[in-house]
Amino acid sequence: MPANLTPQYKQAEERFRAAATHDEKLDALREMLALLPKHKGTEKLHADLKKRLAKLEEEGAHTHRGATRHDDPGHVRREGAGQWALVGPPNAGKSALLAALTHAHPEVAPYPFTTRVAQPGMMAFEDLLVQLVDTPPASPQHTEPWLTNLVRNADGVLVVLDPNDDAFDDDLAAVRALLERAKVWPKSAPPPGDAHPWAVVHPVRAVLNKADLDGDGILIELVREALDPSWPVHVVSAATGAGLDGLRKALWLDLDRIRIYAKEPGHKAEHDRPFVLDRGATVGELAHVVHHELAEHLKFARIWGHAAFDGQQVDRHHPLHDGDVVELHG
Ligand SMILES: Nc1nc2c(ncn2[C@@H]2O[C@H](COP(=O)(O)OP(=O)(O)OP(=O)(O)O)[C@@H](O)[C@H]2O)c(=O)[nH]1
Ligand SMILES: [Mg+2]
């Protein structure tokens with residue numbers, strides 16, 4: 001029986017293969033187990049993954065003197081439609097931005113090195129929630145070593161900068177060094193063929209924060225030139241909220257995912273709870289996410305939305321589009 005693995009599972013498997021450290025391996029393997037569809041066709045694979053996980057955990061217990069995976073400060077459990085890491089120099093306003101975009105209450109203070117641990121918050125955009133993770137600063141003086149893992153494992157990296165910062169160039173260099181250590185390449189300038197085999201490609205965006213302090217915009221224009229041209233730039237103020245609407249939208253769009261509204265035959269679609277899938281996902285992949293048994297027994301689907309007339313009958317290979325309403329028939 002075919003295993004019918006989802007694209008999310010395959011991505012986790014890819015991460016497992018590319019994992020540079022023990023923690024990354026564990027992380028990817030746990031995700032593979034969580035994403036593995038559970039049916040007869042995957043029983044053997046499930047047992048095999050469990051065995052590998054037990055072995056890795058045992059190795060970890062030796063090297064980490066009993067520390068469990070939950071002690072890894074660079075691991076933040078993914079929730080919502082995708083995960084963005086907020087990174088940047090001390091005092092740039094990463095925590096203020098998290099507080100402005102989500103309901104989280106991180107410590108915000110007028111001195112550097114306020115944030116010590118990763119803190120997630122959920123950002124609402126339309127009917128979706130996107131996870132943002134506030135982090136301790138990246139700086140020429142000190143950058144937490146576990147930040148490397150955190151940015152690698154995120155779906156996107158938001159570089160938060162303060163154009164009024166006297167040490168802007170040095171601070172920016174520390175952020176670039178972090179991305180280099182993490183082997184993160186921006187989506188808009190993917191790695192060349194001879195790049196490191198563990199390179200990962202993420203959307204990377206820059207935020208020039210505290211725009212309210214640069215009334216004439218002169219500093220903003222000056223520092224813009226120093227930025228990597230492959231990072232799209234947002235000029236915002238966490239304090240006044242300026243520029244945040246555009247940022248919310250870009251953080252969702254850059255994930256390159258689609259939302260699908262599943263509906264049961266004879267019922268209305270659940271318009272407040274979309275399923276989030278990778279762009280290009282098919283009806284069969286949606287069925288897997290909705291219920292693995294449904295995926296096995298899927299006969300056809302009816303679809304309302306793009307590239308289909310209302311209620312059109314399609315098979316499991318039909319590609320989905322953002323906003324489609326799908327009725328699955330098992
Ligand atoms: N005027 C103004 N001040 C801001 C803005 N965003 C943050 N601040 C202030 O900048 C200071 C630092 O903000 P934080 O959010 O703590 O900065 P951080 O990047 O999290 O700093 P670390 O945790 O030390 O890395 C605080 O005094 C904030 O009130 C903004 O948009 N405008
Ligand atoms: Mg902070």
# chains A, B, ... in the order shown; residues from 1 in each chain; ligands from 1

$ residues_near_ligand --ligand "ligand 1" --cutoff "7 Å" --atoms "only C-alpha atoms and all ligand atoms" --output "ChimeraX atom specification"
/A:88-97,107-115,136-137,209-213,236-240

$ residues_around --residues "segment 216-229 of chain A" --least-positions-apart "3" --cutoff "9 Å" --atoms "only C-alpha atoms" --output "list of chain:residue names"
A:Asp162, A:Pro163, A:Asn164, A:Phe168, A:Asp169, A:Leu172, A:Ala206, A:Leu208, A:Ala211, A:Leu213, A:Pro232, A:Val233, A:Val235

$ select_by_dssp --residues "segment 45-179 of chain A" --states "strand (DSSP E)" --output "list in words"
Gln83, Trp84, Ala85, Leu86, Val87, Gln119, Pro120, Gly121, Met122, Met123, Ala124, Phe125, Leu128, Leu129, Val130, Gln131, Leu132, Val133, Asp134, Gly156, Val157, Leu158, Val159, Val160 and Leu161 of chain A

$ select_by_dssp --residues "segment 105-237 of chain A" --states "helix (DSSP H, G or I)" --output "VMD selection string"
chain A and resid 147 to 153 168 to 181 211 to 213 218 to 224

$ residues_around --residues "Val289 of chain A" --least-positions-apart "2" --cutoff "10 Å" --atoms "only C-alpha atoms" --output "list in words"
Thr6, Gln8, Leu35, Pro37, Phe275, Val276, Leu277, Gly284, Glu285, Leu286, Ala287, His291, His292, Leu294 and Ala295 of chain A

$ write_last_selection --atoms "C-alpha atoms" --output "short mmCIF file (atom, residue, chain, number, x, y, z; two decimals), in the first residue's frame"
data_model
loop_
_atom_site.label_atom_id
_atom_site.label_comp_id
_atom_site.auth_asym_id
_atom_site.auth_seq_id
_atom_site.Cartn_x
_atom_site.Cartn_y
_atom_site.Cartn_z
CA THR A 6 2.48 14.81 2.33
CA GLN A 8 5.10 18.76 4.73
CA LEU A 35 3.32 14.51 10.09
CA PRO A 37 -0.12 9.86 7.85
CA PHE A 275 -6.47 24.49 6.38
CA VAL A 276 -3.08 25.84 5.37
CA LEU A 277 -1.16 23.95 2.67
CA GLY A 284 -5.38 14.38 -2.11
CA GLU A 285 -2.95 16.29 0.10
CA LEU A 286 -5.82 18.25 1.64
CA ALA A 287 -7.61 14.97 2.40
CA HIS A 291 -8.17 12.98 8.06
CA HIS A 292 -5.80 10.22 7.03
CA LEU A 294 -10.49 10.08 4.39
CA ALA A 295 -7.39 10.31 2.21
#

$ closest_residue --among "A:Leu179, A:Leu298, A:Val117, A:Leu255" --to "ligand 2" --atoms "only C-alpha atoms and all ligand atoms"
A:Val117

$ residues_around --residues "segment 74-87 of chain A" --least-positions-apart "6" --cutoff "8 Å" --atoms "only C-alpha atoms" --output "PyMOL selection string"
chain A and resi 94+118+120+122+128-138+146-151+154-160+175+251-252+255+276

$ atom_distance --atom1 "atom CA of Ala18 of chain A" --atom2 "atom CA of Arg152 of chain A"
10.9 Å

$ closest_residue --among "A:Met32, A:Leu253, A:Val283, A:Leu328" --to "Ala269 of chain A" --atoms "only C-alpha atoms"
A:Leu328

$ residues_around --residues "segment 260-263 of chain A" --least-positions-apart "6" --cutoff "9 Å" --atoms "only C-alpha atoms" --output "VMD selection string"
chain A and resid 269 to 277 286 290 320 to 328

$ write_last_selection --atoms "all heavy atoms" --output "compact mmCIF listing (two decimals), in the first residue's frame"
# COMPACT_ATOMS: atom_id res chain seq x y z
N ALA A 269 -19.36 25.63 4.47
CA ALA A 269 -17.91 25.59 4.70
C ALA A 269 -17.59 26.30 6.02
O ALA A 269 -18.27 27.25 6.39
CB ALA A 269 -17.18 26.29 3.56
N GLU A 270 -16.56 25.80 6.70
CA GLU A 270 -16.13 26.46 7.94
C GLU A 270 -15.21 27.61 7.57
O GLU A 270 -14.01 27.42 7.38
CB GLU A 270 -15.40 25.45 8.83
CG GLU A 270 -16.34 24.39 9.33
CD GLU A 270 -15.83 23.73 10.60
OE1 GLU A 270 -15.05 24.35 11.33
OE2 GLU A 270 -16.22 22.58 10.82
N HIS A 271 -15.80 28.81 7.47
CA HIS A 271 -15.03 29.92 6.93
C HIS A 271 -14.06 30.53 7.93
O HIS A 271 -13.25 31.37 7.58
CB HIS A 271 -15.95 30.98 6.33
CG HIS A 271 -16.07 30.80 4.86
ND1 HIS A 271 -15.05 31.09 4.00
CD2 HIS A 271 -17.07 30.31 4.11
CE1 HIS A 271 -15.42 30.80 2.77
NE2 HIS A 271 -16.64 30.32 2.81
N ASP A 272 -14.15 30.12 9.17
CA ASP A 272 -13.23 30.71 10.14
C ASP A 272 -12.04 29.79 10.43
O ASP A 272 -11.17 30.14 11.21
CB ASP A 272 -13.96 31.05 11.45
CG ASP A 272 -14.76 29.87 11.96
OD1 ASP A 272 -15.01 28.95 11.15
OD2 ASP A 272 -15.11 29.85 13.14
N ARG A 273 -12.02 28.60 9.83
CA ARG A 273 -10.92 27.68 10.14
C ARG A 273 -10.32 27.07 8.88
O ARG A 273 -10.54 25.90 8.57
CB ARG A 273 -11.42 26.58 11.08
CG ARG A 273 -11.58 27.08 12.51
CD ARG A 273 -11.58 25.94 13.49
NE ARG A 273 -12.64 24.99 13.21
CZ ARG A 273 -12.50 23.68 13.29
NH1 ARG A 273 -11.36 23.15 13.61
NH2 ARG A 273 -13.53 22.89 13.06
N PRO A 274 -9.53 27.86 8.13
CA PRO A 274 -8.95 27.29 6.92
C PRO A 274 -7.83 26.29 7.23
O PRO A 274 -7.17 26.41 8.26
CB PRO A 274 -8.39 28.51 6.20
CG PRO A 274 -8.15 29.52 7.25
CD PRO A 274 -9.15 29.27 8.34
N PHE A 275 -7.66 25.34 6.33
CA PHE A 275 -6.47 24.49 6.38
C PHE A 275 -5.39 25.21 5.58
O PHE A 275 -5.69 25.79 4.53
CB PHE A 275 -6.76 23.13 5.73
CG PHE A 275 -7.62 22.25 6.59
CD1 PHE A 275 -9.00 22.27 6.47
CD2 PHE A 275 -7.04 21.43 7.55
CE1 PHE A 275 -9.79 21.47 7.27
CE2 PHE A 275 -7.83 20.63 8.36
CZ PHE A 275 -9.20 20.65 8.22
N VAL A 276 -4.17 25.16 6.07
CA VAL A 276 -3.08 25.84 5.37
C VAL A 276 -2.18 24.78 4.72
O VAL A 276 -1.72 23.86 5.40
CB VAL A 276 -2.27 26.73 6.33
CG1 VAL A 276 -1.06 27.32 5.63
CG2 VAL A 276 -3.17 27.85 6.86
N LEU A 277 -1.97 24.92 3.42
CA LEU A 277 -1.16 23.95 2.67
C LEU A 277 -0.13 24.70 1.84
O LEU A 277 -0.29 25.90 1.59
CB LEU A 277 -2.06 23.14 1.73
CG LEU A 277 -3.18 22.33 2.35
CD1 LEU A 277 -4.11 21.81 1.27
CD2 LEU A 277 -2.61 21.15 3.13
N LEU A 286 -4.87 17.67 0.68
CA LEU A 286 -5.82 18.25 1.64
C LEU A 286 -6.49 17.13 2.43
O LEU A 286 -6.61 17.21 3.67
CB LEU A 286 -6.88 19.07 0.89
CG LEU A 286 -8.06 19.52 1.77
CD1 LEU A 286 -7.61 20.58 2.77
CD2 LEU A 286 -9.21 20.06 0.92
N VAL A 290 -6.87 16.68 6.48
CA VAL A 290 -8.18 16.67 7.14
C VAL A 290 -8.32 15.39 7.97
O VAL A 290 -8.66 15.43 9.15
CB VAL A 290 -9.32 16.77 6.10
CG1 VAL A 290 -10.68 16.63 6.78
CG2 VAL A 290 -9.23 18.09 5.37
N LEU A 320 -5.00 22.82 -5.87
CA LEU A 320 -5.84 23.77 -5.15
C LEU A 320 -5.29 25.19 -5.25
O LEU A 320 -4.10 25.38 -5.51
CB LEU A 320 -5.91 23.35 -3.68
CG LEU A 320 -6.60 22.00 -3.45
CD1 LEU A 320 -6.35 21.51 -2.04
CD2 LEU A 320 -8.09 22.12 -3.73
N HIS A 321 -6.17 26.16 -5.03
CA HIS A 321 -5.78 27.58 -5.03
C HIS A 321 -6.22 28.23 -3.75
O HIS A 321 -7.21 27.80 -3.13
CB HIS A 321 -6.40 28.29 -6.23
CG HIS A 321 -5.90 27.77 -7.54
ND1 HIS A 321 -6.47 26.69 -8.16
CD2 HIS A 321 -4.87 28.18 -8.32
CE1 HIS A 321 -5.81 26.45 -9.28
NE2 HIS A 321 -4.83 27.33 -9.40
N ASP A 322 -5.54 29.32 -3.38
CA ASP A 322 -5.88 30.03 -2.15
C ASP A 322 -7.36 30.40 -2.15
O ASP A 322 -7.86 30.95 -3.13
CB ASP A 322 -5.02 31.30 -2.01
CG ASP A 322 -5.22 31.96 -0.65
OD1 ASP A 322 -5.23 31.23 0.36
OD2 ASP A 322 -5.37 33.20 -0.61
N GLY A 323 -8.06 30.06 -1.08
CA GLY A 323 -9.46 30.44 -0.93
C GLY A 323 -10.46 29.42 -1.44
O GLY A 323 -11.66 29.61 -1.30
N ASP A 324 -9.97 28.32 -2.04
CA ASP A 324 -10.91 27.31 -2.55
C ASP A 324 -11.72 26.69 -1.41
O ASP A 324 -11.20 26.50 -0.30
CB ASP A 324 -10.13 26.16 -3.25
CG ASP A 324 -9.71 26.53 -4.66
OD1 ASP A 324 -10.11 27.61 -5.14
OD2 ASP A 324 -8.96 25.74 -5.29
N VAL A 325 -12.98 26.37 -1.73
CA VAL A 325 -13.83 25.61 -0.80
C VAL A 325 -13.92 24.19 -1.37
O VAL A 325 -14.21 24.02 -2.55
CB VAL A 325 -15.24 26.23 -0.70
CG1 VAL A 325 -16.16 25.35 0.13
CG2 VAL A 325 -15.15 27.64 -0.11
N VAL A 326 -13.63 23.20 -0.54
CA VAL A 326 -13.56 21.83 -1.06
C VAL A 326 -14.42 20.90 -0.22
O VAL A 326 -14.34 20.90 1.01
CB VAL A 326 -12.08 21.33 -1.03
CG1 VAL A 326 -12.00 19.91 -1.60
CG2 VAL A 326 -11.19 22.26 -1.82
N GLU A 327 -15.24 20.13 -0.92
CA GLU A 327 -16.09 19.13 -0.26
C GLU A 327 -15.50 17.76 -0.61
O GLU A 327 -15.40 17.42 -1.79
CB GLU A 327 -17.51 19.28 -0.82
CG GLU A 327 -18.55 18.45 -0.16
CD GLU A 327 -19.91 18.74 -0.81
OE1 GLU A 327 -20.23 18.09 -1.83
OE2 GLU A 327 -20.63 19.62 -0.31
N LEU A 328 -15.07 17.03 0.39
CA LEU A 328 -14.39 15.75 0.16
C LEU A 328 -15.40 14.61 0.27
O LEU A 328 -16.14 14.54 1.25
CB LEU A 328 -13.26 15.56 1.17
CG LEU A 328 -12.15 16.62 1.10
CD1 LEU A 328 -11.30 16.61 2.35
CD2 LEU A 328 -11.27 16.40 -0.15

$ residues_around --residues "Pro186 of chain A" --least-positions-apart "6" --cutoff "8 Å" --atoms "only C-alpha atoms" --output "ChimeraX atom specification"
/A:201-204,230-231

$ atom_distance --atom1 "atom CA of Leu244 of chain A" --atom2 "atom CA of Met123 of chain A"
11.1 Å

$ closest_residue --among "A:His105, A:Arg176, A:His22, A:Arg116" --to "ligand 2" --atoms "only C-alpha atoms and all ligand atoms"
A:Arg116

$ closest_residue --among "A:Ile258, A:Ala250, A:Val314, A:Ala182" --to "Ala20 of chain A" --atoms "only C-alpha atoms"
A:Ala182

$ closest_residue --among "A:Ala99, A:Val207, A:Gly280, A:Pro319" --to "ligand 2" --atoms "only C-alpha atoms and all ligand atoms"
A:Ala99

$ atom_distance --atom1 "atom CA of Lys50 of chain A" --atom2 "atom CA of Thr282 of chain A"
28.3 Å
